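This report refers to the structure that appears directly beneath it.
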Amino acid sequence: VDRVGIVPGRLVSGADLAATFVFAVEGAIVAAAAGLDWFGVLVLGFVSALVGGVIRDVLLGDLPPASLCSARYAALAFLGGGIVIAVDEFVRAVPLGVVTTLDAAGLALFAMVGTSKALDHDINELVAVLLGTTSAVGGGVVRDVLLDRIPVVLREDIYAVAAAAGAVAGILALRLGVPRAAAMSIGFVVCFTLRVLSVALRWNLPHVPT
Amino acid sequence: VDRVGIVPGRLVSGADLAATFVFAVEGAIVAAAAGLDWFGVLVLGFVSALVGGVIRDVLLGDLPPASLCSARYAALAFLGGGIVIAVDEFVRAVPLGVVTTLDAAGLALFAMVGTSKALDHDINELVAVLLGTTSAVGGGVVRDVLLDRIPVVLREDIYAVAAAAGAVAGILALRLGVPRAAAMSIGFVVCFTLRVLSVALRWNLPHVPT
Amino acid sequence: VDRVGIVPGRLVSGADLAATFVFAVEGAIVAAAAGLDWFGVLVLGFVSALVGGVIRDVLLGDLPPASLCSARYAALAFLGGGIVIAVDEFVRAVPLGVVTTLDAAGLALFAMVGTSKALDHDINELVAVLLGTTSAVGGGVVRDVLLDRIPVVLREDIYAVAAAAGAVAGILALRLGVPRAAAMSIGFVVCFTLRVLSVALRWNLPHVPT
C-alpha cells in the first residue's frame, strides 16, 4: 500500500468504513420498501455494502475476502441495516440530495479502492477498470437480483459508467507519472463529479433502437 | 477435524450425505412444480444441495470446493433429483411433517458443518456465523434466483435465522469451554428445535412498516 | 497443455477467441432486445461471453481467471457488444441458421475447453463434466438472471445437455486411450451435432408431470 501521497491510509480506511455504512443503509431502505422482514433487510444491507468487494477479492484470488477477515465491516453493515429497522422514518427524512451525494462519494471511493487493489495484483489495466467498477456496483447488482429485479445499474443513469470513468482517469494519471494516491484521488473526483452532475442534469445513456 | 467428542466423524459424514440428498429432493420438487424439464429438475436439485457449501468454500479460499473433490456429493444430488423425476407422486405422498423435520435436520447439519469449517480457517466468529448460515441457506437462495423469485428465506419464516441462532449457540458453547463436537451438537439442537417450532407455531419476523 | 494431437494449441486459442466474440454478440443482442441502454448491452455481452469460464476458474481455484489475465478476452467481448450497438440492423440481418451454427460451435468449444481444463486439475470425471458444461452455459445463465428471467437453458431445448453429452463423449474417448486432443475433438463433434440436430428437429426434453 502506498504510504506516500495526499491520501493517508488511515483516511482511506475510515472513508471505506463510512462508504460501507452508507451503502448498507441504502440497501436496507430498498429492502424495507420491497416489504421484506427485518432479517431480509439486514441481509440486503449487508449484500449491498460488501458483495462488490467480495466479488473483486474472489476474482483476484485474495481469499478470504478482505471484508470478511475481521468483524468490522460485517458489524458496520448490520449496524446500517439495524438503523433502518429501528428508525426508518428518521432515515427517510434525510434529504434526497444528501443521500445522492453520500452515495456518489461511496461509489467513487469503492471504485478507486477496487481499481487500486487490482493494480496491486499486477492485473491488466482494462481488467483493473472492470474490477474497480465491479467493486463499486456489484453489491447493488446482487441486491437487485435477490429482489427479483433487473439491476438498476443496467437500466439507467450514469452510475457504473461514472465508476468506470473514475477508474480510467486514475489509471491515465498513473501512466502520466502521477503518484498512486494522487492518481486515485483524481479518479475519485472524476467519478464523484460525473455521478452528481448526471443526477442533477438527468443525463441518461441512449438505448439501442429495437 | 475433532475426533474426540460425542459426534464421531463418520456419523457427521453420513449425515452430511443424507442432508445433501434431502436438500436435492426438495429442490427438485420445487423445480418440477415450476414446470421445468427433467434437465432443469436435476440442475436445481444439484444447486439446492451443493451451492451453499460451494459458496462457503469459495469465500474461505478452499478450492476446489469439498463437494466437488469427489463424485460422491454430485452423484447423490443427482440421485435425489432423479428420484423426483422417476417417482414424483411417491415423493409428494411423503407427509409434510416428515419433509419439514428432515429439512430442519439438514438445515441444522449444514449450518453447524459450515460454522465448524469456518472456525477451522481462523475466521472471525461473526463471519463464521455468516458462513455457517450461508452454507445452510445459500443453495435455496440460488435455486430461487434461478427460478426468478425473491428467495424464500428473505421473505418469510425463521429459516436462516434458525441457522444463525444455531451457529451462535455453538460458538458460545465453544467459548464456555465445551469441546468442539459437543458445542456443534448444541448448535444443531438449537437450530433444529427453533426451526421445527417456528413451523409448528407459525412464527414470523415482523416487517419494517412502510 | 497437450501439444500432440489433431488440434494444435494455436487453433484452439483462435477458436476460443472466436467463440468469445460470438457469445458476446449474442448476449448483446438479447440485452438490446430487452431495452437496455448501451452500457447494459456491453455488460451483458461481456457476461455472456466470459462468466461461464470465470465460474469454472473460480471453482478450480485458478485465480485470477484465465480470461482476466490479459485484456484480450475482455476487449473482444466489448467489441462484440459494440458492434451490436453500432450496426444492430446488420447483426440482425444475419440468417438464423448461421447464428445457430456459430452458437453451437461456440457451445461445443467452450464445453470441451472447460472439460479439458478441469481434467488438468485432477478433478473427478463427473465433476469435470459439470465444469465443462458450466463453462459453456454459465454466461447465458447469469445473463438471464440479470435480465430477471428463468435461464433459457433451464427451460427448454437440448443446450446444456448437448454440452454435457460432448463432455461425456470426450472423457469416454480418453478412457478408451484416445489422445487428449482427439478425444476432445470427438466431444466437440458430439456436442455440436446434437445441438444443431435438436434445433433442426425441434427436440425437447420431457417435463415432469405436475
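Following the order of the C-alpha cells, chains are lettered A, B, ..., residues in each are numbered from 1, and ligands are numbered from 1.
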
Subject >> stretch 192-207 of chain B surroundings by only C-alpha atoms, 10 Å radius, close-in-sequence under 2 positions cut, as a PyMOL selection string >> reply: (chain A and resi 32+35-41+85) or (chain B and resi 97+100-109+155-163+165-166+186-190+209-210)

Original post:
Residues at most 9 Å from A:Val25, counting only C-alpha atoms, excluding those fewer than 5 positions away in the same chain, as JSON, numbers by chain?
Top reply: {"A": [20, 30, 45, 48, 49, 77, 78, 79, 80, 81, 82, 83, 84, 91]}

Within 10 Å of chain A, which residues of chain B show up? Give each one with its shortest atom-to-atom distance in Å (one decimal) and the two atoms involved, counting only C-alpha atoms, rows by chain then rising residue number, as a Markdown table.
```
| residue | atom | partner | partner_atom | distance |
| --- | --- | --- | --- | --- |
| B:Arg56 | CA | A:Pro64 | CA | 9.9 |
| B:Asp57 | CA | A:Pro64 | CA | 9.4 |
| B:Val58 | CA | A:Val58 | CA | 7.4 |
| B:Leu59 | CA | A:Pro64 | CA | 5.3 |
| B:Leu60 | CA | A:Pro64 | CA | 4.9 |
| B:Gly61 | CA | A:Leu63 | CA | 4.9 |
| B:Asp62 | CA | A:Leu63 | CA | 8.7 |
| B:His121 | CA | A:Pro64 | CA | 9.3 |
| B:Asp122 | CA | A:Cys69 | CA | 9.2 |
| B:Ile123 | CA | A:Cys69 | CA | 6.6 |
| B:Asn124 | CA | A:Ser70 | CA | 5.8 |
| B:Glu125 | CA | A:Ala71 | CA | 7.7 |
| B:Leu126 | CA | A:Ala71 | CA | 6.0 |
| B:Val127 | CA | A:Leu68 | CA | 6.2 |
| B:Ala128 | CA | A:Leu68 | CA | 9.2 |
| B:Leu130 | CA | A:Ala74 | CA | 9.1 |
| B:Leu131 | CA | A:Leu68 | CA | 9.7 |
| B:Val141 | CA | A:Leu146 | CA | 8.2 |
| B:Val142 | CA | A:Leu146 | CA | 8.9 |
| B:Asp144 | CA | A:Leu146 | CA | 8.8 |
| B:Val145 | CA | A:Leu146 | CA | 6.6 |
| B:Leu146 | CA | A:Val145 | CA | 9.9 |
| B:Leu147 | CA | A:Asp148 | CA | 9.7 |
| B:Asp148 | CA | A:Asp148 | CA | 6.2 |
| B:Arg149 | CA | A:Asp148 | CA | 5.8 |
| B:Ile150 | CA | A:Leu147 | CA | 5.3 |
| B:Pro151 | CA | A:Leu146 | CA | 6.6 |
| B:Val152 | CA | A:Gly40 | CA | 10.0 |
| B:Val153 | CA | A:Gly40 | CA | 7.8 |
| B:Leu154 | CA | A:Gly40 | CA | 4.6 |
| B:Arg155 | CA | A:Leu36 | CA | 5.6 |
| B:Glu156 | CA | A:Asp37 | CA | 7.0 |
| B:Asp157 | CA | A:Asp37 | CA | 9.1 |
| B:Ile158 | CA | A:Phe39 | CA | 9.1 |
| B:Tyr159 | CA | A:Phe39 | CA | 10.0 |
| B:Ala160 | CA | A:Phe39 | CA | 8.4 |
| B:Val161 | CA | A:Phe39 | CA | 7.4 |
| B:Asn204 | CA | A:Asp37 | CA | 8.6 |
| B:Leu205 | CA | A:Asp37 | CA | 6.0 |
| B:Pro206 | CA | A:Asp37 | CA | 5.7 |
| B:His207 | CA | A:Asp37 | CA | 3.9 |
| B:Val208 | CA | A:Ala32 | CA | 5.8 |
| B:Pro209 | CA | A:Ala32 | CA | 7.8 |
| B:Thr210 | CA | A:Ala33 | CA | 6.3 |
```

**OP:** Mind listing the alpha helix (DSSP H) residues of stretch 48-185 of chain A, per DSSP on the backbone, as number ranges by chain?
**Re:** A: 48-60, 72-86, 88-93, 96-120, 125-146, 152-155, 160-175, 180-185

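A straight line drawn from atom CA of C:Arg143 to atom CA of B:Leu76 is 28.7 Å long.
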
Original post:
atom CA of A:Ala15 and atom CA of A:Val94 are how many Å apart?
Top reply: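 These two atoms are separated by 20.0 Å.
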